[in-house]
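This report concerns only the one structure given below.
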Amino acid sequence: MNALNIPEYVSSLGLQAKVASVQMARAPAAIKSKALVCLAQLLRASLSSLTDANAKDLARAEAAGLAAPLVDRLRLTPKVIETVAQGCEQLAAMPDVIGEIIGMKQQPSGIRVGQMRVPIGVFGMVFESRPNVTIEAASLAIKSGNAAILRGGSEAIDSNKALAVLVQQALADAGLPADAVQLVQTTDRSAVGALIAMPQYVDVIIPRGGKSLIERISREAKVPVIKHLDGNCHVYVDDPCDVAMAVTIADNAKTQKYSPCNAAEGLLVAAGVAHDFLPKIAAVYAEKGVEMRCDPAAAHVITAQAAINSVVSDFVKPATEQDWFEEYLAPVISIKVVAGVDEAIAHINHYSSHHTDAIVTTNHIHAQRFLREVDSASVMVNASTRFADGFEFGLGAEIGISTDKFHARGPVGIEGLTSLKWVVLGQGEVRG
């Protein structure tokens, strides 16, 4: 497939998706659930072939010298496949929101006015690395009654093709149009430019990947975009708090997995608990090889323990102003001592990417202030930032995380892929 026919090819995908979206919008809930259950079964039954396809992508990535966190994102392990299969089943079991009418109210004129939830139509998804996104996007498209055109990264092309075959088989087996979910089969980058410039076919674009990809799509798209640029997430350890709990949460939020956008990149510690908490978490981070970029106060508290554990000091580095903004996606974390909840909230709202931020506290008022005043898509009390995920939130799957404030915010699940239209029910009323 050469560059000259890319626009024609992508346009044909768009037309097919538009036609399929009409059938998807009117598909009964039972049929959509059947497709999702079938997809879960196919995923489990195809473990061997999926692993073989994924091995090709991993081999190419390693040969190309791709960074370890990026290679990690490519892996289709049995656990990953089981997780997305469970996501399909979870979605199948959830109530169907399509056609739901909310807020119906009687007006003085006699008419009743409410809003009906309907599919968006066709969404385009441009994503990098993680091939499991193919299933997450496909399953959400099916449940929400939309059609989808998926364009994965070239580094995962074999895995994505193998997964897309299963999706289309599940759709067909359930009596739904196979074209409801289509994968762009070429790795030619011009396909992205064509996909994001088809308002006649595509209703919204959802980019999921690195900052440069999302910035490009936001700049060039001719259709609305649901996006987030960075995952600079924070854990704030408050005074007062359960220090043992704080250590556990700060450890998990940073080290459970380094590559996701909901991993903690900044640690803020109230001065009142710094001398108790910081040496403990520093020892944990040092043992796991996490570099700590500290402000002078945090560095002083941690290195004062050098006589007890000199190895810890080797992992302490001075923080620069840029560190407070940084999304590392690596075993690196910035650490700052703050006066209290006021300074923590101000720091987060200035430096964070408004993705996910957490407070560890035993003070109810501080917790409520943090929830109200931190301007992020997900805000947590006494829980790891790693829970900011559609599956963990009970959405079944997510199409991505949105840090936008319009339409969808946070993990975008079924409702984020729908729209509301006004409905009026009357009995012959006319306006005087």
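Letters A, B, ... go to the chains of the structure tokens in the order shown; residues in each chain start at 1; ligands are counted from 1 in the same order.
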Problem - All residues 10 Å or closer to segment 32-43 of chain A, only C-alpha atoms, same chain fewer than 2 positions away omitted, as a PyMOL selection string - result: chain A and resi 24+27-30+45-50+78+81-96+135+138-145+163+166-176
Practice task
Go ahead and compute the interatomic distance for atom CA of Val71 of chain A and atom CA of Leu58 of chain A, in Å to one decimal.
Solution key: 6.7 Å
Practice task
Looking only at helix (DSSP H, G or I) from DSSP on the backbone, list the matching residues of segment 90-247 of chain A as a ChimeraX atom specification.
Solution key: /A:90-93,132-144,154-173,178-180,190-195,211-220,243-247
Keeping only C-alpha atoms, write the selected residues to a file as an mmCIF file, in the first residue's frame.
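What ended up in selection14.cif:
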data_model
loop_
_atom_site.group_PDB
_atom_site.id
_atom_site.type_symbol
_atom_site.label_atom_id
_atom_site.label_comp_id
_atom_site.auth_asym_id
_atom_site.auth_seq_id
_atom_site.Cartn_x
_atom_site.Cartn_y
_atom_site.Cartn_z
ATOM 1 C CA GLN A 90 -17.583 -7.015 32.900
ATOM 2 C CA LEU A 91 -18.880 -4.736 30.158
ATOM 3 C CA ALA A 92 -21.298 -7.404 28.937
ATOM 4 C CA ALA A 93 -22.781 -7.701 32.422
ATOM 5 C CA ASN A 132 -4.363 -4.361 24.852
ATOM 6 C CA VAL A 133 -5.818 -0.954 23.953
ATOM 7 C CA THR A 134 -7.142 -2.574 20.769
ATOM 8 C CA ILE A 135 -9.453 -4.763 22.854
ATOM 9 C CA GLU A 136 -10.339 -2.032 25.335
ATOM 10 C CA ALA A 137 -11.331 0.306 22.509
ATOM 11 C CA ALA A 138 -13.176 -2.390 20.585
ATOM 12 C CA SER A 139 -15.133 -3.623 23.597
ATOM 13 C CA LEU A 140 -16.172 -0.107 24.559
ATOM 14 C CA ALA A 141 -17.216 0.611 20.978
ATOM 15 C CA ILE A 142 -19.431 -2.485 20.993
ATOM 16 C CA LYS A 143 -21.011 -1.753 24.387
ATOM 17 C CA SER A 144 -21.642 1.918 23.591
ATOM 18 C CA SER A 154 3.807 0.448 14.133
ATOM 19 C CA GLU A 155 5.709 -1.208 16.990
ATOM 20 C CA ALA A 156 2.618 -3.341 17.827
ATOM 21 C CA ILE A 157 1.299 -3.995 14.311
ATOM 22 C CA ASP A 158 1.431 -7.817 14.467
ATOM 23 C CA SER A 159 -0.251 -7.977 17.859
ATOM 24 C CA ASN A 160 -2.925 -5.497 16.831
ATOM 25 C CA LYS A 161 -3.708 -7.345 13.603
ATOM 26 C CA ALA A 162 -4.118 -10.620 15.486
ATOM 27 C CA LEU A 163 -6.428 -8.971 18.025
ATOM 28 C CA ALA A 164 -8.481 -7.170 15.360
ATOM 29 C CA VAL A 165 -9.213 -10.482 13.631
ATOM 30 C CA LEU A 166 -10.747 -11.783 16.863
ATOM 31 C CA VAL A 167 -12.828 -8.634 17.317
ATOM 32 C CA GLN A 168 -14.306 -8.851 13.838
ATOM 33 C CA GLN A 169 -14.980 -12.576 14.291
ATOM 34 C CA ALA A 170 -16.852 -11.878 17.550
ATOM 35 C CA LEU A 171 -18.917 -9.145 15.890
ATOM 36 C CA ALA A 172 -19.838 -11.382 12.967
ATOM 37 C CA ASP A 173 -20.660 -14.333 15.236
ATOM 38 C CA ALA A 178 -17.633 -6.707 11.283
ATOM 39 C CA ASP A 179 -16.821 -3.196 10.023
ATOM 40 C CA ALA A 180 -18.005 -1.773 13.355
ATOM 41 C CA SER A 190 0.071 9.620 6.680
ATOM 42 C CA ALA A 191 -2.884 7.394 7.637
ATOM 43 C CA VAL A 192 -3.113 9.290 10.909
ATOM 44 C CA GLY A 193 -3.324 12.607 9.108
ATOM 45 C CA ALA A 194 -6.110 11.261 6.897
ATOM 46 C CA LEU A 195 -8.045 9.752 9.820
ATOM 47 C CA LYS A 211 2.987 13.900 24.345
ATOM 48 C CA SER A 212 4.254 14.586 20.814
ATOM 49 C CA LEU A 213 1.563 12.379 19.273
ATOM 50 C CA ILE A 214 -1.222 13.998 21.263
ATOM 51 C CA GLU A 215 0.050 17.523 20.578
ATOM 52 C CA ARG A 216 0.192 16.766 16.857
ATOM 53 C CA ILE A 217 -3.336 15.387 16.755
ATOM 54 C CA SER A 218 -4.730 18.227 18.868
ATOM 55 C CA ARG A 219 -3.112 20.704 16.484
ATOM 56 C CA GLU A 220 -4.074 19.089 13.183
ATOM 57 C CA VAL A 243 2.745 6.669 58.407
ATOM 58 C CA ALA A 244 2.781 2.928 57.676
ATOM 59 C CA MET A 245 -0.148 3.402 55.285
ATOM 60 C CA ALA A 246 1.622 6.358 53.678
ATOM 61 C CA VAL A 247 4.750 4.272 53.041
#
Practice task
Per DSSP on the backbone, filter segment 227-417 of chain A down to the residues in strand (DSSP E) and report them as a VMD selection string.
Solution key: chain A and resid 233 to 237 264 to 270 291 to 294 316 to 318 332 to 338 356 to 360 378 to 381 401 to 402 410 to 411
Mind writing the picked residues with N, CA and C atoms as a tab-separated table (two decimals), in the first residue's frame?
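Final file, selection13.tsv:
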chain	number	residue	atom	x	y	z
A	233	CYS	N	1.54	12.67	38.20
A	233	CYS	CA	0.66	12.42	39.34
A	233	CYS	C	1.43	12.55	40.66
A	234	HIS	N	0.69	12.93	41.72
A	234	HIS	CA	1.32	13.18	43.01
A	234	HIS	C	0.68	12.38	44.13
A	235	VAL	N	1.49	12.06	45.13
A	235	VAL	CA	0.99	11.59	46.42
A	235	VAL	C	1.41	12.63	47.45
A	236	TYR	N	0.43	13.14	48.21
A	236	TYR	CA	0.74	14.08	49.30
A	236	TYR	C	0.52	13.36	50.63
A	237	VAL	N	1.58	13.31	51.43
A	237	VAL	CA	1.54	12.69	52.76
A	237	VAL	C	1.29	13.80	53.78
A	264	ALA	N	2.85	7.51	40.25
A	264	ALA	CA	3.22	8.76	40.91
A	264	ALA	C	4.59	9.23	40.43
A	265	GLU	N	4.68	10.52	40.14
A	265	GLU	CA	5.96	11.12	39.73
A	265	GLU	C	6.45	12.13	40.76
A	266	GLY	N	5.55	12.58	41.64
A	266	GLY	CA	5.91	13.55	42.66
A	266	GLY	C	5.41	13.11	44.03
A	267	LEU	N	6.22	13.32	45.05
A	267	LEU	CA	5.86	13.00	46.43
A	267	LEU	C	6.00	14.26	47.26
A	268	LEU	N	4.90	14.69	47.85
A	268	LEU	CA	4.89	15.86	48.72
A	268	LEU	C	4.68	15.38	50.16
A	269	VAL	N	5.45	15.94	51.08
A	269	VAL	CA	5.40	15.46	52.47
A	269	VAL	C	5.26	16.65	53.41
A	270	ALA	N	4.25	16.61	54.27
A	270	ALA	CA	4.07	17.67	55.26
A	270	ALA	C	5.24	17.67	56.23
A	291	GLU	N	15.55	6.60	41.96
A	291	GLU	CA	16.28	7.84	42.21
A	291	GLU	C	15.32	8.87	42.79
A	292	MET	N	15.76	9.57	43.85
A	292	MET	CA	14.92	10.57	44.52
A	292	MET	C	15.49	11.96	44.28
A	293	ARG	N	14.76	12.79	43.55
A	293	ARG	CA	15.19	14.16	43.27
A	293	ARG	C	14.49	15.08	44.27
A	294	CYS	N	15.27	15.54	45.23
A	294	CYS	CA	14.71	16.17	46.43
A	294	CYS	C	14.98	17.66	46.53
A	316	VAL	N	19.84	9.87	46.34
A	316	VAL	CA	19.30	11.22	46.55
A	316	VAL	C	20.03	12.21	45.66
A	317	LYS	N	19.27	12.93	44.83
A	317	LYS	CA	19.83	13.94	43.94
A	317	LYS	C	19.08	15.25	44.16
A	318	PRO	N	19.71	16.39	43.87
A	318	PRO	CA	19.00	17.67	44.02
A	318	PRO	C	17.95	17.85	42.90
A	332	VAL	N	12.27	7.07	38.93
A	332	VAL	CA	12.70	8.39	39.40
A	332	VAL	C	11.47	9.08	39.98
A	333	ILE	N	11.64	9.78	41.12
A	333	ILE	CA	10.52	10.51	41.70
A	333	ILE	C	11.04	11.81	42.31
A	334	SER	N	10.26	12.88	42.20
A	334	SER	CA	10.62	14.14	42.84
A	334	SER	C	9.99	14.16	44.24
A	335	ILE	N	10.71	14.72	45.20
A	335	ILE	CA	10.23	14.76	46.58
A	335	ILE	C	10.42	16.16	47.14
A	336	LYS	N	9.35	16.67	47.77
A	336	LYS	CA	9.39	18.03	48.33
A	336	LYS	C	8.69	18.04	49.69
A	337	VAL	N	9.29	18.73	50.64
A	337	VAL	CA	8.66	18.95	51.94
A	337	VAL	C	7.84	20.23	51.86
A	338	VAL	N	6.58	20.16	52.27
A	338	VAL	CA	5.69	21.32	52.23
A	338	VAL	C	5.19	21.61	53.64
A	356	THR	N	-4.10	12.59	38.03
A	356	THR	CA	-4.50	11.90	39.25
A	356	THR	C	-3.59	12.32	40.40
A	357	ASP	N	-4.20	12.70	41.52
A	357	ASP	CA	-3.43	13.09	42.69
A	357	ASP	C	-4.10	12.55	43.95
A	358	ALA	N	-3.28	12.15	44.93
A	358	ALA	CA	-3.79	11.48	46.13
A	358	ALA	C	-3.26	12.13	47.40
A	359	ILE	N	-4.09	12.10	48.43
A	359	ILE	CA	-3.68	12.54	49.77
A	359	ILE	C	-3.75	11.34	50.71
A	360	VAL	N	-2.76	11.22	51.60
A	360	VAL	CA	-2.79	10.23	52.67
A	360	VAL	C	-2.95	11.01	53.96
A	378	SER	N	-8.90	12.81	38.48
A	378	SER	CA	-9.15	11.85	39.55
A	378	SER	C	-8.42	12.33	40.80
A	379	VAL	N	-9.14	12.38	41.92
A	379	VAL	CA	-8.55	12.81	43.18
A	379	VAL	C	-8.87	11.74	44.22
A	380	MET	N	-7.87	11.34	45.01
A	380	MET	CA	-8.01	10.18	45.88
A	380	MET	C	-7.63	10.48	47.31
A	381	VAL	N	-8.26	9.76	48.23
A	381	VAL	CA	-7.92	9.84	49.65
A	381	VAL	C	-7.51	8.45	50.12
A	401	ILE	N	-7.58	8.15	29.33
A	401	ILE	CA	-7.79	9.09	30.42
A	401	ILE	C	-7.90	10.48	29.81
A	402	SER	N	-8.91	11.21	30.19
A	402	SER	CA	-9.07	12.57	29.68
A	402	SER	C	-8.79	13.58	30.78
A	410	GLY	N	-11.24	12.19	33.19
A	410	GLY	CA	-10.80	10.99	33.89
A	410	GLY	C	-10.89	9.77	32.99
A	411	PRO	N	-10.91	8.55	33.56
A	411	PRO	CA	-11.06	7.36	32.71
A	411	PRO	C	-12.33	7.46	31.88
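Here atom CA of Asp242 of chain A stands at a distance of 27.8 Å from atom CA of Gly390 of chain A.
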Handout entry: Residues within 8 Å of Ala283 of chain A, only C-alpha atoms, excluding chain neighbours under 3 positions, as number ranges by chain
Key = A: 279-280, 286-287, 309, 312
Handout entry: Residue nearest Gln16 of chain A among A:Val122, A:Ala304, A:Val204, A:Ala282 (counting only C-alpha atoms)
Key = A:Val122
